[in-house]
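Student: Here you go, data-v6.json (JSON, C-alpha atoms):
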[["chain", "number", "residue", "atom", "x", "y", "z"],
["A", 1, "MET", "CA", 78.12, 93.58, 162.34],
["A", 2, "LYS", "CA", 74.81, 92.44, 163.75],
["A", 3, "ILE", "CA", 73.92, 91.91, 167.39],
["A", 4, "PRO", "CA", 73.86, 88.23, 168.31],
["A", 5, "GLU", "CA", 70.76, 86.70, 169.84],
["A", 6, "LYS", "CA", 70.71, 85.34, 173.37],
["A", 7, "LEU", "CA", 72.54, 88.22, 175.00],
["A", 8, "LYS", "CA", 71.66, 88.73, 178.65],
["A", 9, "TYR", "CA", 71.23, 92.21, 180.08],
["A", 10, "ASP", "CA", 70.78, 93.05, 183.76],
["A", 11, "GLU", "CA", 67.60, 94.42, 185.33],
["A", 12, "HIS", "CA", 68.44, 97.85, 183.92],
["A", 13, "GLY", "CA", 68.91, 96.48, 180.41],
["A", 14, "LEU", "CA", 72.69, 96.89, 180.65],
["A", 15, "MET", "CA", 75.80, 94.76, 180.41],
["A", 16, "PRO", "CA", 79.34, 95.67, 181.42],
["A", 17, "ALA", "CA", 81.72, 96.35, 178.55],
["A", 18, "ILE", "CA", 85.41, 95.76, 179.21],
["A", 19, "ILE", "CA", 87.55, 97.91, 176.94],
["A", 20, "GLN", "CA", 91.04, 96.57, 176.23],
["A", 21, "ASP", "CA", 93.87, 98.01, 174.14],
["A", 22, "TYR", "CA", 94.18, 95.62, 171.18],
["A", 23, "ARG", "CA", 97.96, 95.93, 171.03],
["A", 24, "THR", "CA", 99.23, 96.24, 174.62],
["A", 25, "LYS", "CA", 96.25, 94.27, 176.07],
["A", 26, "GLU", "CA", 95.99, 96.85, 178.84],
["A", 27, "VAL", "CA", 92.47, 97.05, 180.32],
["A", 28, "LEU", "CA", 91.51, 100.66, 179.66],
["A", 29, "MET", "CA", 88.07, 101.02, 181.25],
["A", 30, "VAL", "CA", 84.76, 99.42, 182.09],
["A", 31, "ALA", "CA", 81.47, 101.07, 181.13],
["A", 32, "TYR", "CA", 77.93, 99.91, 180.37],
["A", 33, "MET", "CA", 76.07, 99.19, 177.16],
["A", 34, "ASN", "CA", 72.42, 98.57, 176.46],
["A", 35, "GLU", "CA", 71.28, 97.03, 173.19],
["A", 36, "GLU", "CA", 71.20, 100.39, 171.39],
["A", 37, "ALA", "CA", 74.72, 101.34, 172.57],
["A", 38, "LEU", "CA", 75.99, 97.95, 171.42],
["A", 39, "LYS", "CA", 74.25, 98.40, 168.08],
["A", 40, "ARG", "CA", 75.81, 101.84, 167.56],
["A", 41, "THR", "CA", 79.21, 100.49, 168.55],
["A", 42, "LEU", "CA", 79.02, 97.63, 166.06],
["A", 43, "GLU", "CA", 77.70, 99.85, 163.27],
["A", 44, "THR", "CA", 80.12, 102.75, 163.65],
["A", 45, "LYS", "CA", 83.15, 100.86, 165.04],
["A", 46, "LYS", "CA", 83.39, 103.56, 167.70],
["A", 47, "THR", "CA", 82.42, 102.78, 171.29],
["A", 48, "TYR", "CA", 79.09, 104.08, 172.56],
["A", 49, "PHE", "CA", 77.95, 103.59, 176.15],
["A", 50, "TRP", "CA", 74.92, 104.25, 178.28],
["A", 51, "SER", "CA", 75.77, 106.64, 181.10],
["A", 52, "ARG", "CA", 74.05, 105.47, 184.28],
["A", 53, "SER", "CA", 74.71, 108.79, 186.04],
["A", 54, "ARG", "CA", 73.62, 111.06, 183.19],
["A", 55, "GLN", "CA", 71.01, 108.64, 181.75],
["A", 56, "LYS", "CA", 72.09, 109.22, 178.17],
["A", 57, "TYR", "CA", 74.18, 107.74, 175.41],
["A", 58, "TRP", "CA", 77.73, 108.86, 175.05],
["A", 59, "LEU", "CA", 80.21, 108.37, 172.30],
["A", 60, "LYS", "CA", 83.52, 107.78, 174.04],
["A", 61, "GLY", "CA", 85.76, 110.69, 173.06],
["A", 62, "GLU", "CA", 82.95, 113.01, 171.98],
["A", 63, "SER", "CA", 84.27, 115.86, 174.12],
["A", 64, "SER", "CA", 87.94, 114.86, 174.50],
["A", 65, "GLY", "CA", 88.54, 113.54, 170.99],
["A", 66, "HIS", "CA", 89.90, 110.38, 172.60],
["A", 67, "ILE", "CA", 87.95, 108.02, 170.39],
["A", 68, "GLN", "CA", 88.14, 104.22, 170.62],
["A", 69, "THR", "CA", 88.12, 102.35, 167.31],
["A", 70, "VAL", "CA", 86.76, 98.83, 167.62],
["A", 71, "LYS", "CA", 89.11, 96.01, 166.62],
["A", 72, "GLY", "CA", 87.41, 92.93, 168.08],
["A", 73, "VAL", "CA", 84.23, 92.03, 169.98],
["A", 74, "TYR", "CA", 84.04, 89.03, 172.30],
["A", 75, "PHE", "CA", 81.32, 87.66, 174.59],
["A", 76, "ASP", "CA", 81.73, 85.48, 177.64],
["A", 77, "CYS", "CA", 80.29, 82.03, 178.30],
["A", 78, "ASP", "CA", 77.20, 83.51, 180.00],
["A", 79, "ASN", "CA", 76.53, 86.08, 177.23],
["A", 80, "ASP", "CA", 76.22, 88.80, 179.86],
["A", 81, "THR", "CA", 79.54, 90.64, 179.43],
["A", 82, "VAL", "CA", 81.24, 92.03, 176.34],
["A", 83, "LEU", "CA", 84.97, 92.48, 175.85],
["A", 84, "ILE", "CA", 85.93, 94.98, 173.16],
["A", 85, "THR", "CA", 89.47, 95.42, 171.92],
["A", 86, "VAL", "CA", 90.15, 98.91, 170.61],
["A", 87, "SER", "CA", 92.69, 101.29, 169.23],
["A", 88, "GLN", "CA", 92.66, 104.10, 171.84],
["A", 89, "LYS", "CA", 93.40, 107.64, 170.76],
["A", 90, "GLY", "CA", 94.99, 109.63, 173.63],
["A", 91, "GLY", "CA", 93.88, 108.34, 177.02],
["A", 92, "ALA", "CA", 90.77, 106.46, 178.12],
["A", 93, "CYS", "CA", 90.54, 108.10, 181.56],
["A", 94, "HIS", "CA", 89.02, 111.54, 182.10],
["A", 95, "GLU", "CA", 91.72, 112.11, 184.74],
["A", 96, "GLY", "CA", 94.40, 112.09, 182.05],
["A", 97, "TYR", "CA", 95.66, 108.53, 182.32],
["A", 98, "ARG", "CA", 95.95, 105.99, 179.55],
["A", 99, "SER", "CA", 93.81, 103.55, 181.59],
["A", 100, "CYS", "CA", 91.15, 104.19, 184.23],
["A", 101, "PHE", "CA", 92.82, 101.49, 186.35],
["A", 102, "PHE", "CA", 95.75, 103.65, 187.36],
["A", 103, "LYS", "CA", 95.47, 103.07, 191.13],
["A", 104, "LYS", "CA", 97.28, 100.03, 192.44],
["A", 105, "LEU", "CA", 96.58, 98.76, 195.93],
["A", 106, "ASN", "CA", 99.63, 98.34, 198.14],
["A", 107, "ASP", "CA", 99.95, 96.08, 201.21],
["A", 108, "LYS", "CA", 98.79, 98.86, 203.51],
["A", 109, "GLY", "CA", 95.49, 99.25, 201.66],
["A", 110, "GLU", "CA", 96.61, 102.49, 200.06],
["A", 111, "PHE", "CA", 96.39, 103.47, 196.42],
["A", 112, "ILE", "CA", 99.62, 104.12, 194.59],
["A", 113, "ILE", "CA", 99.64, 105.65, 191.13],
["A", 114, "ALA", "CA", 100.64, 102.91, 188.72],
["A", 115, "GLY", "CA", 99.34, 104.42, 185.49],
["A", 116, "LYS", "CA", 100.76, 106.64, 182.84],
["A", 117, "LYS", "CA", 99.44, 110.18, 182.48],
["A", 118, "VAL", "CA", 99.14, 110.99, 178.80],
["A", 119, "PHE", "CA", 97.23, 114.28, 178.76],
["A", 120, "ASP", "CA", 96.26, 117.20, 180.96],
["A", 121, "PRO", "CA", 92.50, 117.04, 181.69],
["A", 122, "LYS", "CA", 92.37, 120.79, 182.25],
["A", 123, "LYS", "CA", 93.42, 121.40, 178.67],
["A", 124, "VAL", "CA", 91.08, 118.78, 177.20],
["A", 125, "TYR", "CA", 87.75, 119.24, 179.00],
["B", 1, "MET", "CA", 96.29, 93.97, 202.32],
["B", 2, "LYS", "CA", 93.50, 96.12, 203.69],
["B", 3, "ILE", "CA", 90.43, 97.31, 201.87],
["B", 4, "PRO", "CA", 90.71, 100.95, 200.84],
["B", 5, "GLU", "CA", 88.07, 103.42, 201.89],
["B", 6, "LYS", "CA", 85.83, 105.18, 199.39],
["B", 7, "LEU", "CA", 84.98, 102.12, 197.33],
["B", 8, "LYS", "CA", 81.61, 102.31, 195.61],
["B", 9, "TYR", "CA", 79.36, 99.28, 195.39],
["B", 10, "ASP", "CA", 76.14, 99.07, 193.38],
["B", 11, "GLU", "CA", 72.63, 98.81, 194.85],
["B", 12, "HIS", "CA", 73.26, 95.12, 195.58],
["B", 13, "GLY", "CA", 76.52, 95.88, 197.39],
["B", 14, "LEU", "CA", 78.57, 94.50, 194.52],
["B", 15, "MET", "CA", 81.26, 95.66, 192.14],
["B", 16, "PRO", "CA", 82.47, 93.96, 188.96],
["B", 17, "ALA", "CA", 85.88, 92.31, 189.20],
["B", 18, "ILE", "CA", 87.85, 91.96, 185.98],
["B", 19, "ILE", "CA", 90.27, 89.05, 186.18],
["B", 20, "GLN", "CA", 93.31, 89.30, 183.93],
["B", 21, "ASP", "CA", 96.22, 86.91, 183.43],
["B", 22, "TYR", "CA", 99.23, 88.73, 184.88],
["B", 23, "ARG", "CA", 101.62, 87.42, 182.24],
["B", 24, "THR", "CA", 99.68, 87.20, 178.96],
["B", 25, "LYS", "CA", 97.29, 90.06, 179.93],
["B", 26, "GLU", "CA", 94.39, 88.02, 178.58],
["B", 27, "VAL", "CA", 91.08, 88.97, 180.20],
["B", 28, "LEU", "CA", 89.98, 85.69, 181.79],
["B", 29, "MET", "CA", 86.58, 86.45, 183.31],
["B", 30, "VAL", "CA", 84.34, 88.99, 184.99],
["B", 31, "ALA", "CA", 82.55, 88.19, 188.25],
["B", 32, "TYR", "CA", 81.21, 90.17, 191.22],
["B", 33, "MET", "CA", 82.60, 90.96, 194.63],
["B", 34, "ASN", "CA", 81.03, 92.45, 197.71],
["B", 35, "GLU", "CA", 83.15, 93.82, 200.55],
["B", 36, "GLU", "CA", 83.52, 90.43, 202.21],
["B", 37, "ALA", "CA", 84.58, 88.70, 198.97],
["B", 38, "LEU", "CA", 87.12, 91.46, 198.38],
["B", 39, "LYS", "CA", 88.40, 91.08, 201.94],
["B", 40, "ARG", "CA", 88.80, 87.32, 201.57],
["B", 41, "THR", "CA", 90.56, 87.81, 198.23],
["B", 42, "LEU", "CA", 93.04, 90.28, 199.69],
["B", 43, "GLU", "CA", 93.69, 88.16, 202.79],
["B", 44, "THR", "CA", 94.13, 84.79, 201.10],
["B", 45, "LYS", "CA", 95.49, 85.97, 197.73],
["B", 46, "LYS", "CA", 92.95, 83.63, 196.09],
["B", 47, "THR", "CA", 89.92, 85.09, 194.31],
["B", 48, "TYR", "CA", 86.56, 84.90, 196.07],
["B", 49, "PHE", "CA", 83.35, 86.12, 194.47],
["B", 50, "TRP", "CA", 79.71, 86.56, 195.35],
["B", 51, "SER", "CA", 77.53, 84.40, 193.15],
["B", 52, "ARG", "CA", 74.45, 86.37, 192.15],
["B", 53, "SER", "CA", 72.65, 83.24, 190.89],
["B", 54, "ARG", "CA", 73.45, 81.02, 193.88],
["B", 55, "GLN", "CA", 73.55, 83.86, 196.46],
["B", 56, "LYS", "CA", 76.69, 82.56, 198.12],
["B", 57, "TYR", "CA", 80.44, 83.09, 198.23],
["B", 58, "TRP", "CA", 82.61, 81.01, 196.00],
["B", 59, "LEU", "CA", 86.31, 80.47, 195.95],
["B", 60, "LYS", "CA", 87.23, 80.34, 192.29],
["B", 61, "GLY", "CA", 88.55, 76.84, 191.66],
["B", 62, "GLU", "CA", 86.98, 75.25, 194.74],
["B", 63, "SER", "CA", 85.44, 72.44, 192.68],
["B", 64, "SER", "CA", 87.72, 72.46, 189.63],
["B", 65, "GLY", "CA", 91.05, 73.12, 191.36],
["B", 66, "HIS", "CA", 91.55, 75.99, 188.90],
["B", 67, "ILE", "CA", 92.60, 78.49, 191.52],
["B", 68, "GLN", "CA", 93.57, 82.09, 190.75],
["B", 69, "THR", "CA", 96.50, 83.48, 192.74],
["B", 70, "VAL", "CA", 96.38, 87.24, 193.09],
["B", 71, "LYS", "CA", 99.34, 89.19, 191.69],
["B", 72, "GLY", "CA", 98.04, 92.76, 191.57],
["B", 73, "VAL", "CA", 94.91, 94.71, 192.54],
["B", 74, "TYR", "CA", 93.88, 97.92, 190.77],
["B", 75, "PHE", "CA", 90.88, 100.23, 191.07],
["B", 76, "ASP", "CA", 89.49, 102.58, 188.47],
["B", 77, "CYS", "CA", 89.04, 106.34, 188.69],
["B", 78, "ASP", "CA", 85.47, 105.98, 190.01],
["B", 79, "ASN", "CA", 86.40, 103.36, 192.65],
["B", 80, "ASP", "CA", 83.55, 101.16, 191.46],
["B", 81, "THR", "CA", 85.41, 98.46, 189.52],
["B", 82, "VAL", "CA", 88.36, 96.30, 190.51],
["B", 83, "LEU", "CA", 90.92, 94.80, 188.14],
["B", 84, "ILE", "CA", 92.83, 91.83, 189.53],
["B", 85, "THR", "CA", 95.82, 90.30, 187.81],
["B", 86, "VAL", "CA", 96.28, 86.61, 188.60],
["B", 87, "SER", "CA", 98.23, 83.49, 187.97],
["B", 88, "GLN", "CA", 95.53, 81.14, 186.61],
["B", 89, "LYS", "CA", 95.83, 77.43, 187.19],
["B", 90, "GLY", "CA", 94.16, 75.45, 184.38],
["B", 91, "GLY", "CA", 91.33, 77.39, 182.78],
["B", 92, "ALA", "CA", 89.10, 80.17, 184.09],
["B", 93, "CYS", "CA", 85.99, 79.08, 182.18],
["B", 94, "HIS", "CA", 83.72, 76.26, 183.33],
["B", 95, "GLU", "CA", 83.29, 75.33, 179.67],
["B", 96, "GLY", "CA", 86.95, 74.30, 179.50],
["B", 97, "TYR", "CA", 88.49, 77.39, 177.94],
["B", 98, "ARG", "CA", 91.39, 79.39, 179.26],
["B", 99, "SER", "CA", 89.23, 82.56, 179.19],
["B", 100, "CYS", "CA", 85.45, 82.97, 179.45],
["B", 101, "PHE", "CA", 85.67, 85.36, 176.48],
["B", 102, "PHE", "CA", 86.17, 82.63, 173.92],
["B", 103, "LYS", "CA", 83.38, 83.72, 171.55],
["B", 104, "LYS", "CA", 84.36, 86.30, 168.97],
["B", 105, "LEU", "CA", 81.69, 88.12, 166.99],
["B", 106, "ASN", "CA", 82.08, 87.95, 163.21],
["B", 107, "ASP", "CA", 80.64, 90.41, 160.65],
["B", 108, "LYS", "CA", 77.46, 88.36, 160.31],
["B", 109, "GLY", "CA", 76.69, 88.65, 164.03],
["B", 110, "GLU", "CA", 77.68, 85.04, 164.68],
["B", 111, "PHE", "CA", 79.94, 83.72, 167.40],
["B", 112, "ILE", "CA", 83.12, 82.00, 166.31],
["B", 113, "ILE", "CA", 85.27, 80.11, 168.79],
["B", 114, "ALA", "CA", 88.41, 82.18, 169.32],
["B", 115, "GLY", "CA", 89.56, 80.70, 172.62],
["B", 116, "LYS", "CA", 91.80, 77.87, 173.59],
["B", 117, "LYS", "CA", 90.28, 74.80, 175.24],
["B", 118, "VAL", "CA", 92.58, 73.67, 178.03],
["B", 119, "PHE", "CA", 90.53, 71.05, 179.87],
["B", 120, "ASP", "CA", 87.53, 68.76, 179.46],
["B", 121, "PRO", "CA", 84.70, 70.03, 181.71],
["B", 122, "LYS", "CA", 83.18, 66.53, 181.90],
["B", 123, "LYS", "CA", 86.31, 65.26, 183.59],
["B", 124, "VAL", "CA", 86.65, 68.20, 185.96],
["B", 125, "TYR", "CA", 83.13, 68.87, 187.26]]
Would you put the structure from the file into C-alpha cells?

Tutor:
Amino acid sequence: MKIPEKLKYDEHGLMPAIIQDYRTKEVLMVAYMNEEALKRTLETKKTYFWSRSRQKYWLKGESSGHIQTVKGVYFDCDNDTVLITVSQKGGACHEGYRSCFFKKLNDKGEFIIAGKKVFDPKKVY
Amino acid sequence: MKIPEKLKYDEHGLMPAIIQDYRTKEVLMVAYMNEEALKRTLETKKTYFWSRSRQKYWLKGESSGHIQTVKGVYFDCDNDTVLITVSQKGGACHEGYRSCFFKKLNDKGEFIIAGKKVFDPKKVY
C-alpha cells in the first residue's frame, strides 16, 4: 500500500487516526500519525503512531503485545483524518479496557464505566 | 447534561469529536469542539462544532437540515477526545455521502469510493 497524495496534516505534521474494530465496529482509540507513521502502518499492516507526549514513534502493542492488524484504511472528504479498521489483540486501552472510550457521560455530568475490562494493566505493563 | 471536569483541550482549546451512528456504528465524521460547542451539544442534544477554517460555531445540519441527534457521549482514558453516538438525518458528508469516510485506500495507494451516496449536494446546498 502506498500513501495517497493530497493528504493534509496539521501544523505539527500530524493527522488524527480513528481506530475501529473491523468486526464489532467499536471505536477503540484515537491517536496521531505523521507521514512516516502512516507509511509504516501501511507497509507492515500494524498500527504505528507518533506520540505527542513522548515525541517518538510507537508500534501499538509493542510493550503489551496488544497489536492491531490493519484490515481497511479510509480517508475523509477533507483528506485530513484517517479511519483504520483493525483486528485488535487483547485491549486497546492501557487501562485494561477493550476500548479507550470506556467512560460514558450521564445526565449529571459524571462518568460511568461503560466499557469492558479485558486485561489487568498491572500484569501487562 | 453537564460538562465533566478534567477535560483536556489542545493548544487551540479544541478536542476532536468522533461522530458515530448509534445503530450501524458507522463512523460518520470527525470535527472539533471547544468547551462552548460541547456545552451547546449537551444542552440541545444536537451536535455543535467549532469550525477551524471559518472560526465560528456551527450547528451540524444548519444549512442542509442533516441534523445529528445525540444518543450517547463517551470520553477516552486521556479525557482529550469525545465520541458521540448520534441519530443522523440524511447524510453527514457535504459531498452527499452517509459518512465522510467514503474513500477507501486500495493496494496501489488509490482512493476507491466505498461509501453510500444518500443525497445530491447540488440540491441541498

Student: Edge lengths and centre in Å to one decimal, as AutoDock Vina command-line options, of the axis-aligned box that encloses all listed atoms of range 33-52 of chain B with 5 Å added on every side?

Tutor:
--center_x 85.0 --center_y 88.7 --center_z 197.5 --size_x 31.0 --size_y 20.2 --size_z 20.6

Student: Quick one, how far is CA of Tyr97 in chain A from CA of Phe119 in chain A?

Tutor: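 A separation of 6.9 Å between them.
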
Student: Quick one: which residues from chain B are at most 9 Å off chain A, using only C-alpha atoms, as a PyMOL selection string?

Tutor: chain B and resi 1-5+16+18+20+24-27+29-30+72-78+81-83+93-95+99-111+114

Student: Can you measure CA of Asp21 in chain B to CA of Lys116 in chain B for me? One decimal in Å is fine.

Tutor: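 CA of Lys116 in chain B lies 14.1 Å from CA of Asp21 in chain B.
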
Student: Just want the 9 Å neighbourhood of Glu35 in chain B, counted on all atoms listed in the file, with same-chain residues fewer than 6 positions away dropped. Output as a PyMOL selection string.

Tutor: chain B and resi 3+9+13-15

Student: Those residues with C-alpha atoms, as a PDB file, in the frame of the given file please?

Tutor:
ATOM      1  CA  ILE B   3      90.430  97.310 201.870  1.00  0.00           C
ATOM      2  CA  TYR B   9      79.360  99.280 195.390  1.00  0.00           C
ATOM      3  CA  GLY B  13      76.520  95.880 197.390  1.00  0.00           C
ATOM      4  CA  LEU B  14      78.570  94.500 194.520  1.00  0.00           C
ATOM      5  CA  MET B  15      81.260  95.660 192.140  1.00  0.00           C
TER       6      MET B  15
END

Student: Go ahead and align chain A to chain B (same sequence, so just pair every C-alpha in order, least squares) and export the moved chain as an mmCIF file with C-alpha atoms, in the frame of the given file.

Tutor:
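New file out.cif:
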data_model
loop_
_atom_site.group_PDB
_atom_site.id
_atom_site.type_symbol
_atom_site.label_atom_id
_atom_site.label_comp_id
_atom_site.auth_asym_id
_atom_site.auth_seq_id
_atom_site.Cartn_x
_atom_site.Cartn_y
_atom_site.Cartn_z
ATOM 1 C CA MET A 1 96.306 93.949 202.327
ATOM 2 C CA LYS A 2 93.518 96.103 203.680
ATOM 3 C CA ILE A 3 90.432 97.294 201.842
ATOM 4 C CA PRO A 4 90.711 100.938 200.822
ATOM 5 C CA GLU A 5 88.071 103.423 201.893
ATOM 6 C CA LYS A 6 85.812 105.167 199.409
ATOM 7 C CA LEU A 7 84.975 102.121 197.330
ATOM 8 C CA LYS A 8 81.607 102.317 195.605
ATOM 9 C CA TYR A 9 79.349 99.284 195.394
ATOM 10 C CA ASP A 10 76.137 99.053 193.374
ATOM 11 C CA GLU A 11 72.636 98.795 194.833
ATOM 12 C CA HIS A 12 73.269 95.120 195.575
ATOM 13 C CA GLY A 13 76.511 95.873 197.403
ATOM 14 C CA LEU A 14 78.575 94.490 194.514
ATOM 15 C CA MET A 15 81.260 95.656 192.127
ATOM 16 C CA PRO A 16 82.474 93.954 188.963
ATOM 17 C CA ALA A 17 85.880 92.311 189.210
ATOM 18 C CA ILE A 18 87.849 91.959 185.986
ATOM 19 C CA ILE A 19 90.269 89.051 186.190
ATOM 20 C CA GLN A 20 93.323 89.302 183.933
ATOM 21 C CA ASP A 21 96.231 86.907 183.423
ATOM 22 C CA TYR A 22 99.244 88.745 184.876
ATOM 23 C CA ARG A 23 101.622 87.410 182.236
ATOM 24 C CA THR A 24 99.689 87.209 178.946
ATOM 25 C CA LYS A 25 97.301 90.072 179.928
ATOM 26 C CA GLU A 26 94.407 88.017 178.589
ATOM 27 C CA VAL A 27 91.076 88.957 180.214
ATOM 28 C CA LEU A 28 89.990 85.688 181.802
ATOM 29 C CA MET A 29 86.584 86.467 183.314
ATOM 30 C CA VAL A 30 84.340 88.991 184.991
ATOM 31 C CA ALA A 31 82.555 88.186 188.252
ATOM 32 C CA TYR A 32 81.225 90.157 191.219
ATOM 33 C CA MET A 33 82.622 90.955 194.638
ATOM 34 C CA ASN A 34 81.034 92.447 197.712
ATOM 35 C CA GLU A 35 83.145 93.826 200.542
ATOM 36 C CA GLU A 36 83.512 90.418 202.213
ATOM 37 C CA ALA A 37 84.577 88.705 198.955
ATOM 38 C CA LEU A 38 87.127 91.459 198.373
ATOM 39 C CA LYS A 39 88.379 91.091 201.934
ATOM 40 C CA ARG A 40 88.803 87.321 201.556
ATOM 41 C CA THR A 41 90.554 87.813 198.231
ATOM 42 C CA LEU A 42 93.038 90.292 199.680
ATOM 43 C CA GLU A 43 93.669 88.187 202.783
ATOM 44 C CA THR A 44 94.112 84.811 201.106
ATOM 45 C CA LYS A 45 95.485 85.967 197.720
ATOM 46 C CA LYS A 46 92.950 83.649 196.101
ATOM 47 C CA THR A 47 89.918 85.094 194.325
ATOM 48 C CA TYR A 48 86.563 84.907 196.085
ATOM 49 C CA PHE A 49 83.347 86.121 194.469
ATOM 50 C CA TRP A 50 79.718 86.569 195.357
ATOM 51 C CA SER A 51 77.529 84.401 193.144
ATOM 52 C CA ARG A 52 74.437 86.372 192.145
ATOM 53 C CA SER A 53 72.658 83.238 190.893
ATOM 54 C CA ARG A 54 73.463 81.016 193.873
ATOM 55 C CA GLN A 55 73.551 83.856 196.455
ATOM 56 C CA LYS A 56 76.698 82.573 198.119
ATOM 57 C CA TYR A 57 80.426 83.085 198.242
ATOM 58 C CA TRP A 58 82.597 81.013 196.010
ATOM 59 C CA LEU A 59 86.293 80.475 195.960
ATOM 60 C CA LYS A 60 87.231 80.358 192.295
ATOM 61 C CA GLY A 61 88.560 76.854 191.658
ATOM 62 C CA GLU A 62 86.980 75.265 194.728
ATOM 63 C CA SER A 63 85.459 72.448 192.680
ATOM 64 C CA SER A 64 87.732 72.459 189.606
ATOM 65 C CA GLY A 65 91.041 73.129 191.344
ATOM 66 C CA HIS A 66 91.556 75.976 188.883
ATOM 67 C CA ILE A 67 92.605 78.487 191.501
ATOM 68 C CA GLN A 68 93.579 82.093 190.743
ATOM 69 C CA THR A 69 96.505 83.480 192.736
ATOM 70 C CA VAL A 70 96.381 87.247 193.098
ATOM 71 C CA LYS A 71 99.338 89.184 191.692
ATOM 72 C CA GLY A 72 98.039 92.763 191.590
ATOM 73 C CA VAL A 73 94.907 94.713 192.551
ATOM 74 C CA TYR A 74 93.893 97.913 190.776
ATOM 75 C CA PHE A 75 90.888 100.235 191.081
ATOM 76 C CA ASP A 76 89.489 102.579 188.478
ATOM 77 C CA CYS A 77 89.039 106.344 188.674
ATOM 78 C CA ASP A 78 85.468 105.972 189.993
ATOM 79 C CA ASN A 79 86.394 103.360 192.648
ATOM 80 C CA ASP A 80 83.534 101.167 191.455
ATOM 81 C CA THR A 81 85.418 98.461 189.527
ATOM 82 C CA VAL A 82 88.372 96.297 190.508
ATOM 83 C CA LEU A 83 90.931 94.800 188.148
ATOM 84 C CA ILE A 84 92.831 91.825 189.542
ATOM 85 C CA THR A 85 95.825 90.298 187.821
ATOM 86 C CA VAL A 86 96.269 86.621 188.622
ATOM 87 C CA SER A 87 98.221 83.493 187.966
ATOM 88 C CA GLN A 88 95.526 81.136 186.592
ATOM 89 C CA LYS A 89 95.825 77.424 187.202
ATOM 90 C CA GLY A 90 94.167 75.444 184.363
ATOM 91 C CA GLY A 91 91.332 77.390 182.761
ATOM 92 C CA ALA A 92 89.097 80.160 184.083
ATOM 93 C CA CYS A 93 85.982 79.076 182.159
ATOM 94 C CA HIS A 94 83.712 76.267 183.338
ATOM 95 C CA GLU A 95 83.296 75.316 179.662
ATOM 96 C CA GLY A 96 86.946 74.283 179.484
ATOM 97 C CA TYR A 97 88.492 77.376 177.941
ATOM 98 C CA ARG A 98 91.394 79.385 179.264
ATOM 99 C CA SER A 99 89.222 82.542 179.178
ATOM 100 C CA CYS A 100 85.454 82.972 179.451
ATOM 101 C CA PHE A 101 85.662 85.359 176.479
ATOM 102 C CA PHE A 102 86.159 82.628 173.917
ATOM 103 C CA LYS A 103 83.370 83.718 171.538
ATOM 104 C CA LYS A 104 84.353 86.293 168.961
ATOM 105 C CA LEU A 105 81.695 88.121 166.993
ATOM 106 C CA ASN A 106 82.080 87.969 163.226
ATOM 107 C CA ASP A 107 80.632 90.416 160.667
ATOM 108 C CA LYS A 108 77.470 88.355 160.326
ATOM 109 C CA GLY A 109 76.672 88.648 164.033
ATOM 110 C CA GLU A 110 77.671 85.055 164.674
ATOM 111 C CA PHE A 111 79.945 83.734 167.383
ATOM 112 C CA ILE A 112 83.124 82.018 166.308
ATOM 113 C CA ILE A 113 85.267 80.128 168.788
ATOM 114 C CA ALA A 114 88.400 82.181 169.325
ATOM 115 C CA GLY A 115 89.559 80.695 172.619
ATOM 116 C CA LYS A 116 91.791 77.868 173.614
ATOM 117 C CA LYS A 117 90.280 74.799 175.258
ATOM 118 C CA VAL A 118 92.580 73.657 178.032
ATOM 119 C CA PHE A 119 90.534 71.025 179.865
ATOM 120 C CA ASP A 120 87.525 68.767 179.469
ATOM 121 C CA PRO A 121 84.693 70.024 181.727
ATOM 122 C CA LYS A 122 83.189 66.546 181.908
ATOM 123 C CA LYS A 123 86.309 65.243 183.598
ATOM 124 C CA VAL A 124 86.642 68.197 185.978
ATOM 125 C CA TYR A 125 83.123 68.877 187.282
#

Student: Quick one: of A:Leu38, A:Gly91, A:Met33, A:Glu11, who's nearest to Gly61 in chain A, counting all atoms listed in the file?

Tutor: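 Of A:Leu38, A:Gly91, A:Met33, A:Glu11, the one nearest Gly61 in chain A, counting all atoms listed in the file, is A:Gly91.
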
Student: Could you state the separation of CA of Lys6 in chain B and CA of Phe49 in chain B in Å, given to one decimal place?

Tutor: 19.8 Å

Student: My list of candidates is B:Gly65, B:Asp10, B:Lys123, B:Lys46. Which is closest to Thr85 in chain B when distances are computed with only C-alpha atoms?

Tutor: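 Of B:Gly65, B:Asp10, B:Lys123, B:Lys46, the one nearest Thr85 in chain B, counting only C-alpha atoms, is B:Lys46.
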
Student: For Glu36 in chain A, find every residue with an atom within 9 Å (counting only C-alpha atoms), except residues of its own chain fewer than 5 positions away, and show them as a list in words.

Tutor: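 Selected residues are Thr41, Tyr48, Phe49, Trp50 and Tyr57 of chain A.
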
Student: Of the residues B:Val124, B:Gln55, B:Gln88, B:Arg98, which is the one nearest to Lys71 in chain B, using all atoms listed in the file?

Tutor: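 Closest residue, counting all atoms listed in the file: B:Gln88.
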